[in-house]
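Listing of my_file28.tsv, TSV, C-alpha atoms
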```tsv
chain	number	residue	atom	x	y	z
A	1	MET	CA	102.69	4.26	71.64
A	2	THR	CA	103.75	2.87	68.28
A	3	ILE	CA	102.16	5.81	66.51
A	4	ASN	CA	104.06	8.17	68.79
A	5	LYS	CA	107.32	6.36	68.05
A	6	LYS	CA	106.60	6.57	64.32
A	7	LYS	CA	105.92	10.27	64.64
A	8	LEU	CA	109.22	10.68	66.46
A	9	LEU	CA	111.02	8.77	63.73
A	10	ILE	CA	109.39	10.84	61.02
A	11	PHE	CA	110.28	14.00	62.96
A	12	PHE	CA	113.91	12.96	63.33
A	13	ASN	CA	114.34	11.72	59.77
A	14	PHE	CA	112.54	14.47	57.91
A	15	VAL	CA	112.97	17.50	60.17
A	16	CYS	CA	115.95	17.08	62.50
A	17	LEU	CA	118.35	15.52	60.02
A	18	PRO	CA	117.92	18.17	57.29
A	19	ALA	CA	117.98	20.89	59.94
A	20	LEU	CA	121.26	19.58	61.35
A	21	ILE	CA	122.80	19.26	57.87
A	22	ILE	CA	121.77	22.78	56.86
A	23	SER	CA	122.34	24.70	60.09
A	24	SER	CA	125.52	22.78	60.99
A	25	PRO	CA	125.48	24.02	64.62
A	26	ASP	CA	128.81	25.16	66.02
A	27	TRP	CA	128.30	23.37	69.36
A	28	LEU	CA	128.29	20.06	67.50
A	29	LYS	CA	131.60	20.62	65.75
A	30	ILE	CA	135.21	19.73	66.35
A	31	ASN	CA	137.72	22.15	64.84
A	32	GLY	CA	134.90	23.64	62.77
A	33	ILE	CA	133.91	20.28	61.30
A	34	ALA	CA	130.42	18.83	61.79
A	35	PRO	CA	129.57	15.12	62.14
A	36	CYS	CA	128.85	13.12	59.01
A	37	TRP	CA	125.07	13.12	59.49
A	38	PRO	CA	124.27	10.69	56.62
A	39	VAL	CA	126.35	8.04	58.40
A	40	VAL	CA	124.55	8.70	61.69
A	41	TRP	CA	121.21	8.11	59.98
A	42	LEU	CA	122.17	5.34	57.57
A	43	LEU	CA	123.90	3.09	60.11
A	44	PRO	CA	120.82	2.11	62.17
A	45	PHE	CA	118.61	1.91	59.08
A	46	SER	CA	121.03	-0.42	57.28
A	47	LEU	CA	121.52	-2.61	60.35
A	48	LYS	CA	117.78	-3.14	60.61
A	49	ASN	CA	116.78	-3.49	56.95
A	50	SER	CA	117.59	-5.64	53.96
A	51	PRO	CA	120.47	-4.78	51.57
A	52	TRP	CA	118.09	-3.58	48.86
A	53	LYS	CA	116.24	-1.24	51.17
A	54	ALA	CA	119.52	-0.02	52.65
A	55	ALA	CA	121.01	0.60	49.19
A	56	LEU	CA	117.93	2.52	48.11
A	57	ALA	CA	118.00	4.58	51.30
A	58	ALA	CA	121.73	5.27	50.81
A	59	THR	CA	121.16	6.48	47.25
A	60	LEU	CA	118.29	8.75	48.27
A	61	LEU	CA	120.21	10.04	51.27
A	62	GLY	CA	123.24	10.67	49.07
A	63	ILE	CA	121.15	12.66	46.60
A	64	PHE	CA	119.66	14.64	49.48
A	65	THR	CA	122.96	15.50	51.17
A	66	ASP	CA	124.71	16.23	47.88
A	67	SER	CA	122.17	18.97	47.26
A	68	PHE	CA	123.59	20.92	50.23
A	69	THR	CA	127.17	20.90	49.02
A	70	ILE	CA	129.13	22.32	46.12
A	71	SER	CA	128.52	19.88	43.30
A	72	ASP	CA	131.77	18.03	42.83
A	73	ALA	CA	132.47	15.03	45.06
A	74	SER	CA	129.42	12.91	45.91
A	75	HIS	CA	128.24	11.02	48.99
A	76	ILE	CA	126.47	8.35	46.93
A	77	PRO	CA	129.27	5.84	46.12
A	78	SER	CA	130.60	5.55	49.65
A	79	LEU	CA	127.15	5.50	51.28
A	80	LEU	CA	126.00	2.82	48.87
A	81	ILE	CA	128.92	0.55	49.74
A	82	LEU	CA	128.52	1.21	53.46
A	83	SER	CA	124.79	0.46	53.38
A	84	LEU	CA	125.44	-2.91	51.74
A	85	VAL	CA	128.18	-3.81	54.22
A	86	TRP	CA	126.14	-2.76	57.26
A	87	SER	CA	122.97	-4.48	56.12
A	88	GLN	CA	124.97	-7.67	55.55
A	89	TYR	CA	126.41	-7.34	59.03
A	90	GLY	CA	122.89	-6.76	60.32
A	91	LEU	CA	121.58	-7.44	63.78
A	92	ARG	CA	121.54	-11.23	63.58
A	93	ASN	CA	122.19	-12.65	67.03
A	94	LYS	CA	123.66	-9.37	68.19
A	95	LYS	CA	122.49	-7.36	71.09
A	96	ILE	CA	121.34	-3.80	70.69
A	97	GLU	CA	123.23	-2.83	73.86
A	98	LEU	CA	126.47	-2.77	71.90
A	99	PHE	CA	126.68	0.94	72.41
A	100	LEU	CA	130.36	1.35	71.61
A	101	ASN	CA	130.06	-1.07	68.70
A	102	ILE	CA	127.79	1.40	66.92
A	103	GLY	CA	130.26	4.20	67.61
A	104	LEU	CA	133.10	2.14	66.18
A	105	MET	CA	131.08	1.25	63.07
A	106	ALA	CA	130.26	4.92	62.52
A	107	PHE	CA	133.92	5.78	63.11
A	108	LEU	CA	135.06	3.39	60.38
A	109	GLY	CA	132.15	4.33	58.09
A	110	THR	CA	132.96	8.05	58.35
A	111	PHE	CA	136.60	7.30	57.62
A	112	PHE	CA	135.51	5.49	54.45
A	113	VAL	CA	133.17	8.33	53.39
A	114	GLY	CA	135.86	10.95	54.05
A	115	PHE	CA	138.48	8.93	52.22
A	116	SER	CA	136.15	8.63	49.21
A	117	PHE	CA	135.78	12.45	49.14
A	118	TRP	CA	139.53	12.80	49.25
A	119	VAL	CA	139.98	10.39	46.34
A	120	GLN	CA	137.18	12.03	44.35
A	121	LYS	CA	138.67	15.50	44.86
A	122	ILE	CA	142.08	14.28	43.72
A	123	ILE	CA	140.51	12.74	40.61
A	124	LEU	CA	138.42	15.85	39.86
A	125	TYR	CA	141.08	18.51	40.43
A	126	SER	CA	144.36	17.93	38.69
A	127	ASP	CA	146.06	20.65	40.75
A	128	LEU	CA	145.60	18.58	43.89
A	129	ARG	CA	147.59	15.77	42.30
A	130	ASN	CA	150.84	17.72	42.52
A	131	SER	CA	151.20	16.69	46.11
A	132	TRP	CA	149.40	13.58	47.31
A	133	PHE	CA	149.55	14.52	50.95
A	134	HIS	CA	147.15	17.29	51.85
A	135	SER	CA	147.08	18.62	55.38
A	136	TRP	CA	143.48	19.82	54.95
A	137	SER	CA	142.24	16.33	54.05
A	138	ILE	CA	143.90	14.70	57.04
A	139	TYR	CA	142.54	17.48	59.24
A	140	ALA	CA	138.98	17.19	57.86
A	141	LEU	CA	139.07	13.39	57.88
A	142	MET	CA	140.28	12.99	61.46
A	143	SER	CA	138.01	15.69	62.89
A	144	GLU	CA	134.95	14.29	61.12
A	145	VAL	CA	135.75	10.74	62.20
A	146	VAL	CA	136.16	11.74	65.86
A	147	ILE	CA	133.03	13.89	66.11
A	148	THR	CA	130.88	11.31	64.28
A	149	GLY	CA	132.23	8.56	66.52
A	150	LEU	CA	131.21	10.61	69.55
A	151	VAL	CA	127.77	11.64	68.31
A	152	THR	CA	126.65	8.33	66.79
A	153	PRO	CA	126.23	6.27	69.99
A	154	VAL	CA	123.69	8.85	71.19
A	155	PHE	CA	121.69	9.39	68.01
A	156	SER	CA	122.05	6.09	66.17
A	157	SER	CA	121.42	3.74	69.08
A	158	TRP	CA	118.23	5.64	69.88
A	159	LEU	CA	117.17	5.43	66.22
A	160	LEU	CA	118.01	1.72	66.12
A	161	LEU	CA	115.87	1.09	69.22
A	162	SER	CA	113.01	2.99	67.61
A	163	TYR	CA	113.33	1.01	64.37
A	164	LYS	CA	113.33	-2.25	66.32
A	165	LYS	CA	110.21	-1.30	68.26
A	166	ASN	CA	108.35	-0.42	65.05
B	1	MET	CA	179.93	97.09	124.77
B	2	ILE	CA	180.68	95.00	121.78
B	3	LYS	CA	178.11	92.41	122.91
B	4	ALA	CA	175.48	95.07	123.37
B	5	ARG	CA	176.10	96.35	119.78
B	6	GLY	CA	175.70	92.87	118.35
B	7	LYS	CA	172.39	92.38	120.08
B	8	LEU	CA	171.30	95.78	118.98
B	9	GLY	CA	172.16	94.91	115.31
B	10	LEU	CA	170.01	91.78	115.32
B	11	HIS	CA	167.25	93.62	117.08
B	12	LEU	CA	167.25	96.28	114.41
B	13	PHE	CA	167.36	93.61	111.66
B	14	PHE	CA	164.15	91.97	112.86
B	15	LYS	CA	162.48	95.11	114.06
B	16	SER	CA	162.88	96.97	110.79
B	17	ARG	CA	161.51	93.99	108.75
B	18	PHE	CA	164.72	93.99	106.80
B	19	TRP	CA	164.67	90.19	107.00
B	20	VAL	CA	161.60	90.15	104.76
B	21	ILE	CA	163.43	92.03	102.09
B	22	PHE	CA	166.43	89.75	102.57
B	23	LEU	CA	164.33	86.59	102.16
B	24	LEU	CA	162.46	87.98	99.17
B	25	GLY	CA	165.71	89.01	97.57
B	26	SER	CA	167.23	85.59	98.19
B	27	PHE	CA	164.13	83.91	96.77
B	28	LEU	CA	164.18	86.03	93.64
B	29	LEU	CA	167.88	85.40	93.19
B	30	GLY	CA	167.15	81.66	93.59
B	31	VAL	CA	164.44	81.89	90.95
B	32	ARG	CA	166.77	83.75	88.65
B	33	TRP	CA	169.61	81.31	89.26
B	34	THR	CA	167.41	78.23	88.59
B	35	LYS	CA	165.77	79.98	85.63
B	36	GLY	CA	162.35	79.65	87.17
B	37	ALA	CA	162.58	75.87	87.52
B	38	GLY	CA	160.31	75.69	90.54
B	39	TYR	CA	157.63	77.79	88.87
B	40	LEU	CA	157.81	75.79	85.68
B	41	ASP	CA	157.66	72.43	87.47
B	42	PHE	CA	154.71	73.56	89.53
B	43	TYR	CA	152.98	74.84	86.40
B	44	SER	CA	153.52	71.53	84.62
B	45	ILE	CA	152.12	69.60	87.63
B	46	LEU	CA	149.06	71.86	87.61
B	47	LEU	CA	148.55	71.36	83.87
B	48	LYS	CA	149.06	67.59	83.92
B	49	PRO	CA	145.35	66.64	84.06
B	50	ILE	CA	144.49	68.79	81.07
B	51	LEU	CA	147.63	68.28	79.02
B	52	PRO	CA	147.11	67.02	75.43
B	53	GLY	CA	147.39	63.25	76.02
B	54	THR	CA	145.87	60.15	74.42
B	55	ALA	CA	142.66	62.01	73.62
B	56	GLN	CA	144.53	64.53	71.53
B	57	LYS	CA	146.41	61.69	69.82
B	58	GLU	CA	143.10	60.08	68.92
B	59	TRP	CA	141.80	63.38	67.56
B	60	ILE	CA	144.87	63.71	65.40
B	61	GLN	CA	144.54	60.09	64.21
B	62	GLU	CA	140.86	60.59	63.53
B	63	GLY	CA	141.69	63.67	61.52
B	64	GLU	CA	144.32	61.76	59.57
B	65	ASN	CA	141.86	58.90	58.94
B	66	THR	CA	139.22	61.31	57.72
B	67	GLU	CA	141.75	62.90	55.42
B	68	GLN	CA	142.77	59.47	54.10
B	69	ILE	CA	139.14	58.44	53.58
B	70	ILE	CA	138.47	61.62	51.62
B	71	ARG	CA	141.64	61.07	49.58
B	72	LEU	CA	140.61	57.44	48.95
B	73	LYS	CA	137.14	58.55	47.84
B	74	LEU	CA	138.66	61.09	45.48
B	75	LEU	CA	141.06	58.49	44.08
B	76	GLU	CA	138.22	55.96	43.67
B	77	ASP	CA	136.14	58.52	41.81
B	78	ASP	CA	139.12	59.30	39.66
B	79	ASN	CA	139.70	55.60	39.08
B	80	VAL	CA	136.08	55.02	38.06
B	81	ARG	CA	136.26	57.95	35.66
B	82	LEU	CA	139.48	56.61	34.09
B	83	ARG	CA	138.10	53.06	33.88
B	84	LYS	CA	135.04	54.43	32.13
B	85	ALA	CA	137.30	56.27	29.73
B	86	LEU	CA	139.17	53.02	29.03
B	87	ALA	CA	135.90	51.03	28.85
B	88	LEU	CA	137.10	48.57	31.56
B	89	GLN	CA	134.88	46.72	34.02
B	90	GLU	CA	133.95	48.66	37.12
B	91	PHE	CA	131.85	48.36	40.22
B	92	ASN	CA	130.47	50.87	42.61
B	93	ASN	CA	128.96	50.94	46.08
B	94	ASP	CA	125.39	51.04	44.79
B	95	GLN	CA	125.89	47.59	43.29
B	96	ARG	CA	126.56	45.83	46.60
B	97	ILE	CA	124.14	43.57	48.41
B	98	SER	CA	124.76	42.96	52.11
B	99	ALA	CA	123.89	39.47	53.35
B	100	ALA	CA	124.20	37.54	56.60
B	101	VAL	CA	125.91	34.16	56.80
B	102	ILE	CA	123.28	31.61	57.85
B	103	SER	CA	125.37	28.45	57.60
B	104	ARG	CA	129.09	27.98	57.51
B	105	SER	CA	131.30	25.12	56.44
B	106	SER	CA	134.67	26.74	56.07
B	107	ARG	CA	136.95	23.87	57.07
B	108	SER	CA	135.15	20.76	55.88
B	109	TRP	CA	135.37	18.84	52.60
B	110	TRP	CA	133.35	21.58	50.96
B	111	GLN	CA	134.32	25.07	51.99
B	112	GLN	CA	131.21	27.12	51.55
B	113	LEU	CA	128.89	29.65	53.14
B	114	GLU	CA	125.13	29.97	52.89
B	115	ILE	CA	123.89	33.56	52.86
B	116	ASN	CA	120.40	34.91	53.40
B	117	LYS	CA	120.00	36.66	50.04
B	118	GLY	CA	119.12	34.87	46.85
B	119	SER	CA	117.93	35.30	43.30
B	120	LYS	CA	114.99	37.37	44.54
B	121	ASP	CA	117.47	40.02	45.66
B	122	GLY	CA	119.29	39.94	42.35
B	123	ILE	CA	122.07	37.53	43.24
B	124	LEU	CA	123.32	35.41	40.37
B	125	LYS	CA	125.79	32.57	39.97
B	126	GLY	CA	129.37	33.77	39.53
B	127	GLN	CA	128.99	37.06	41.38
B	128	THR	CA	131.80	38.12	43.67
B	129	VAL	CA	131.52	37.94	47.45
B	130	ILE	CA	133.65	40.14	49.67
B	131	GLY	CA	133.99	40.44	53.43
B	132	PRO	CA	136.15	42.41	55.84
B	133	GLY	CA	139.65	41.87	54.45
B	134	GLY	CA	138.78	41.45	50.79
B	135	LEU	CA	137.60	38.78	48.38
B	136	ILE	CA	136.28	35.59	50.01
B	137	GLY	CA	134.62	33.68	47.20
B	138	LEU	CA	132.12	33.45	44.36
B	139	ILE	CA	128.43	32.59	44.27
B	140	ASP	CA	128.11	28.90	43.38
B	141	SER	CA	124.33	28.53	43.31
B	142	THR	CA	121.23	30.40	44.34
B	143	THR	CA	117.71	29.72	45.56
B	144	PRO	CA	115.03	32.42	45.68
B	145	LEU	CA	115.99	33.36	49.25
B	146	THR	CA	119.52	32.03	49.77
B	147	ALA	CA	122.80	31.69	47.94
B	148	ARG	CA	125.78	29.37	48.33
B	149	VAL	CA	129.24	30.90	48.31
B	150	ARG	CA	132.18	28.80	47.23
B	151	LEU	CA	135.15	30.05	49.21
B	152	LEU	CA	138.55	30.77	47.68
B	153	THR	CA	139.95	28.15	50.05
B	154	ASP	CA	137.77	25.33	48.67
B	155	PRO	CA	140.06	22.63	47.23
B	156	GLY	CA	140.33	23.03	43.48
B	157	HIS	CA	138.58	26.42	43.30
B	158	GLN	CA	140.38	28.61	40.73
B	159	VAL	CA	140.29	32.37	40.21
B	160	GLY	CA	142.56	34.71	38.31
B	161	ALA	CA	144.85	36.88	40.42
B	162	TRP	CA	147.25	39.73	39.89
B	163	ILE	CA	150.43	40.70	41.69
B	164	ASN	CA	150.25	44.40	42.06
B	165	ARG	CA	153.96	45.16	42.38
B	166	SER	CA	155.31	43.08	39.51
B	167	LYS	CA	152.17	43.38	37.31
B	168	HIS	CA	152.03	39.62	36.70
B	169	HIS	CA	149.03	37.35	36.39
B	170	GLY	CA	148.51	34.00	38.07
B	171	ILE	CA	145.86	31.45	38.95
B	172	LEU	CA	144.86	31.19	42.59
B	173	ILE	CA	143.91	27.62	43.51
B	174	GLY	CA	142.16	26.69	46.77
B	175	MET	CA	144.08	24.11	48.78
B	176	GLY	CA	141.67	23.58	51.68
B	177	THR	CA	143.52	25.92	54.03
B	178	ASN	CA	143.63	29.70	54.45
B	179	ARG	CA	146.71	29.65	52.24
B	180	PRO	CA	145.77	29.01	48.62
B	181	LYS	CA	148.38	28.39	45.95
B	182	LEU	CA	149.14	31.01	43.30
B	183	ILE	CA	150.46	29.42	40.13
B	184	PHE	CA	152.28	31.83	37.85
B	185	LEU	CA	151.61	31.85	34.16
B	186	ASN	CA	155.22	32.42	33.17
B	187	LYS	CA	158.50	31.20	34.59
B	188	ASN	CA	160.04	34.62	34.91
B	189	ASN	CA	157.86	35.68	37.78
B	190	LEU	CA	159.09	38.54	39.88
B	191	ALA	CA	156.97	37.85	42.93
B	192	GLN	CA	158.45	38.31	46.37
B	193	VAL	CA	157.34	37.50	49.87
B	194	GLY	CA	155.12	40.35	51.06
B	195	ASP	CA	153.68	41.23	47.65
B	196	THR	CA	149.97	42.02	47.60
B	197	VAL	CA	147.70	39.80	45.51
B	198	THR	CA	144.57	41.37	44.06
B	199	THR	CA	142.07	40.70	41.32
B	200	SER	CA	143.29	41.79	37.94
B	201	PRO	CA	142.58	45.41	37.00
B	202	ALA	CA	141.73	44.20	33.50
B	203	SER	CA	139.60	41.22	34.57
B	204	THR	CA	136.28	40.76	32.85
B	205	LEU	CA	135.02	38.11	35.30
B	206	LEU	CA	135.87	39.64	38.67
B	207	PRO	CA	135.70	43.25	39.81
B	208	PRO	CA	139.10	44.91	39.56
B	209	ASN	CA	141.58	45.60	42.35
B	210	LEU	CA	139.95	43.59	45.13
B	211	ILE	CA	142.47	42.57	47.76
B	212	ILE	CA	142.94	38.81	48.05
B	213	GLY	CA	145.99	38.35	50.24
B	214	VAL	CA	149.71	38.62	50.75
B	215	ILE	CA	152.42	36.30	49.41
B	216	GLN	CA	153.97	34.24	52.19
B	217	PHE	CA	156.24	31.88	50.30
B	218	VAL	CA	157.60	31.64	46.74
B	219	ASP	CA	159.00	28.54	45.04
B	220	LYS	CA	160.64	29.81	41.87
B	221	LYS	CA	162.15	26.45	40.95
B	222	ALA	CA	158.91	24.46	41.05
B	223	LEU	CA	157.88	22.55	37.93
B	224	PRO	CA	155.95	22.86	35.65
B	225	ALA	CA	155.43	26.44	36.84
B	226	PRO	CA	156.67	28.43	39.81
B	227	TYR	CA	154.13	29.01	42.54
B	228	ALA	CA	153.57	31.08	45.65
B	229	ILE	CA	151.57	30.51	48.81
B	230	VAL	CA	149.20	33.35	49.58
B	231	GLN	CA	147.88	34.23	53.03
B	232	LEU	CA	144.30	35.44	52.60
B	233	THR	CA	143.47	38.75	54.25
B	234	ALA	CA	139.81	37.81	54.85
B	235	SER	CA	139.01	34.96	57.24
B	236	PRO	CA	135.71	33.28	56.27
B	237	GLU	CA	135.47	31.29	59.50
B	238	ALA	CA	134.96	34.53	61.43
B	239	ILE	CA	132.79	36.51	59.02
B	240	ASP	CA	129.08	36.92	59.79
B	241	TRP	CA	128.19	39.46	57.12
B	242	VAL	CA	129.30	39.58	53.51
B	243	GLN	CA	128.68	41.77	50.50
B	244	VAL	CA	127.83	40.48	47.06
B	245	LEU	CA	129.05	42.65	44.21
B	246	LYS	CA	126.69	42.90	41.32
B	247	LYS	CA	128.31	43.11	37.93
B	248	ASN	CA	127.53	46.14	35.85
B	249	ASP	CA	126.46	43.82	33.03
B	250	TYR	CA	123.45	42.90	35.12
B	251	LYS	CA	122.27	46.47	35.68
```
Encoded form (structure tokens):
Amino acid sequence: MTINKKKLLIFFNFVCLPALIISSPDWLKINGIAPCWPVVWLLPFSLKNSPWKAALAATLLGIFTDSFTISDASHIPSLLILSLVWSQYGLRNKKIELFLNIGLMAFLGTFFVGFSFWVQKIILYSDLRNSWFHSWSIYALMSEVVITGLVTPVFSSWLLLSYKKN
Amino acid sequence: MIKARGKLGLHLFFKSRFWVIFLLGSFLLGVRWTKGAGYLDFYSILLKPILPGTAQKEWIQEGENTEQIIRLKLLEDDNVRLRKALALQEFNNDQRISAAVISRSSRSWWQQLEINKGSKDGILKGQTVIGPGGLIGLIDSTTPLTARVRLLTDPGHQVGAWINRSKHHGILIGMGTNRPKLIFLNKNNLAQVGDTVTTSPASTLLPPNLIIGVIQFVDKKALPAPYAIVQLTASPEAIDWVQVLKKNDYK
């Protein structure tokens, strides 16, 4: 049983996650924006593991997801901070049944990741500094936050259960 | 006696078939008086199903389109010949690679497409990507079998542009929406709403005269330089096939 669970975890982490990032299926999008998959994966892992492990995982995950985007803004800084915060929060004396809690954490985490992209883009491209309010950023940020908040309770709670059982 | 004569007159009228001649004459006079209206109306009703209608209109339009295509081809050939004479950059249809879009992220933080042709098919970084409607972006990176296209709409993405009517240059900057910003290089810009924006005919980086979009708004008083908002003619969120233009330098 444990072996099967491990196989499932390996399958999800090394096959499903990259496939979802690359293919970016339309049926899992809101307004053309896909969920923030690194957050979906990192949240249960960070909750279960120590800060060091979580930080390492965040860095590796950041490097992996950055390779599928145009190389300017990076996932790494925001994921690193989130992994440390979530691993500190941990699962101490908390019940796994907090289904909506996970959704809310992913919601806030995605907001932080999106906001970091926004800031990075403004720093990198001087032309974007002419007007600080960008409709596209608000649009991308809100859509990503909503879809990740909806998807996470399904994927992340299942992953968290699997991590706990292993 | 008088009564008998009257009856006799009518009798003779019908008996001698004179009434036929009378009716025929009246009918012909009617036709003459109405200038054959009845005949003509009847004829038009009969012809209605086979009258030249929408089908004929389509034939005419098709003919016009064919004529325009031929004229365009002739002008393109002429243009290529003149560009060769002036030693300017050119591109032709043989240097196009068609590719399917395999992944799309046209509204997210990174506005990009993944296409199913890569370095193995001769695609290189910096090559131009066009779709129905005109220029959509440039190749950002390649793998042996795929390539990543950075869309014109990607925030911060810059390409040189040219306003065809006023013959002025500008820099088109992606703003995350389908309406990038065109920053003019001089303050005395003569751009107007409705002007067509294309790639520069003298560009050495991009193929010449590719349609980018149409100017929607102009702010001539903006500082440090006036700018315009351009509505792109191609819509990357709906494009499934693109063409990559090979540069002649890579022949």
Output as a tab-separated table (two decimals) with C-alpha atoms, in the coordinates of the input the set of chain B residues within 12 Å of chain A, with distances taken over only C-alpha atoms.
```
chain	number	residue	atom	x	y	z
B	101	VAL	CA	125.91	34.16	56.80
B	102	ILE	CA	123.28	31.61	57.85
B	103	SER	CA	125.37	28.45	57.60
B	104	ARG	CA	129.09	27.98	57.51
B	105	SER	CA	131.30	25.12	56.44
B	106	SER	CA	134.67	26.74	56.07
B	107	ARG	CA	136.95	23.87	57.07
B	108	SER	CA	135.15	20.76	55.88
B	109	TRP	CA	135.37	18.84	52.60
B	110	TRP	CA	133.35	21.58	50.96
B	111	GLN	CA	134.32	25.07	51.99
B	112	GLN	CA	131.21	27.12	51.55
B	113	LEU	CA	128.89	29.65	53.14
B	114	GLU	CA	125.13	29.97	52.89
B	115	ILE	CA	123.89	33.56	52.86
B	138	LEU	CA	132.12	33.45	44.36
B	139	ILE	CA	128.43	32.59	44.27
B	140	ASP	CA	128.11	28.90	43.38
B	141	SER	CA	124.33	28.53	43.31
B	142	THR	CA	121.23	30.40	44.34
B	143	THR	CA	117.71	29.72	45.56
B	146	THR	CA	119.52	32.03	49.77
B	147	ALA	CA	122.80	31.69	47.94
B	148	ARG	CA	125.78	29.37	48.33
B	149	VAL	CA	129.24	30.90	48.31
B	150	ARG	CA	132.18	28.80	47.23
B	151	LEU	CA	135.15	30.05	49.21
B	153	THR	CA	139.95	28.15	50.05
B	154	ASP	CA	137.77	25.33	48.67
B	155	PRO	CA	140.06	22.63	47.23
B	156	GLY	CA	140.33	23.03	43.48
B	157	HIS	CA	138.58	26.42	43.30
B	158	GLN	CA	140.38	28.61	40.73
B	171	ILE	CA	145.86	31.45	38.95
B	172	LEU	CA	144.86	31.19	42.59
B	173	ILE	CA	143.91	27.62	43.51
B	174	GLY	CA	142.16	26.69	46.77
B	175	MET	CA	144.08	24.11	48.78
B	176	GLY	CA	141.67	23.58	51.68
B	177	THR	CA	143.52	25.92	54.03
B	178	ASN	CA	143.63	29.70	54.45
B	179	ARG	CA	146.71	29.65	52.24
B	180	PRO	CA	145.77	29.01	48.62
B	181	LYS	CA	148.38	28.39	45.95
B	182	LEU	CA	149.14	31.01	43.30
B	183	ILE	CA	150.46	29.42	40.13
B	222	ALA	CA	158.91	24.46	41.05
B	223	LEU	CA	157.88	22.55	37.93
B	224	PRO	CA	155.95	22.86	35.65
B	225	ALA	CA	155.43	26.44	36.84
B	227	TYR	CA	154.13	29.01	42.54
B	236	PRO	CA	135.71	33.28	56.27
B	237	GLU	CA	135.47	31.29	59.50
B	238	ALA	CA	134.96	34.53	61.43
```
One-decimal distance in Å that lies between atom CA of Phe217 of chain B and atom CA of Ser166 of chain B: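 Atom-to-atom, atom CA of Ser166 of chain B to atom CA of Phe217 of chain B, that is 15.6 Å.
The smallest atom-to-atom distance between Val113 of chain A and any of A:Ala55, A:Val151, A:Ile138, A:Ile81, using only C-alpha atoms, is found for A:Ile81.
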Å distance separating atom CA of Lys246 of chain B from atom CA of Ala85 of chain B, one decimal place: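 Between atom CA of Lys246 of chain B and atom CA of Ala85 of chain B the gap is 20.6 Å.
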Separation of atom CA of Lys187 of chain B from atom CA of Lys221 of chain B in Å: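 Rounded to one decimal, the two atoms are 8.7 Å apart.
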Contacts of Ile63 of chain A at 8 Å (only C-alpha atoms; same-chain gap of 3+ positions) as a VMD selection string: chain A and resid 59 to 60 66 to 67 75 to 76
Could you dump the residues just selected with C-alpha atoms as a PDB file, in the frame of the given file?
```
ATOM      1  CA  THR A  59     121.160   6.480  47.250  1.00  0.00           C
ATOM      2  CA  LEU A  60     118.290   8.750  48.270  1.00  0.00           C
ATOM      3  CA  ASP A  66     124.710  16.230  47.880  1.00  0.00           C
ATOM      4  CA  SER A  67     122.170  18.970  47.260  1.00  0.00           C
ATOM      5  CA  HIS A  75     128.240  11.020  48.990  1.00  0.00           C
ATOM      6  CA  ILE A  76     126.470   8.350  46.930  1.00  0.00           C
TER       7      ILE A  76
END
```
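Residue nearest Trp37 of chain A within the list A:Gln120, A:Ser83, A:Asn13, A:Ser50: A:Asn13 [criterion: smallest interatomic distance, only C-alpha atoms].
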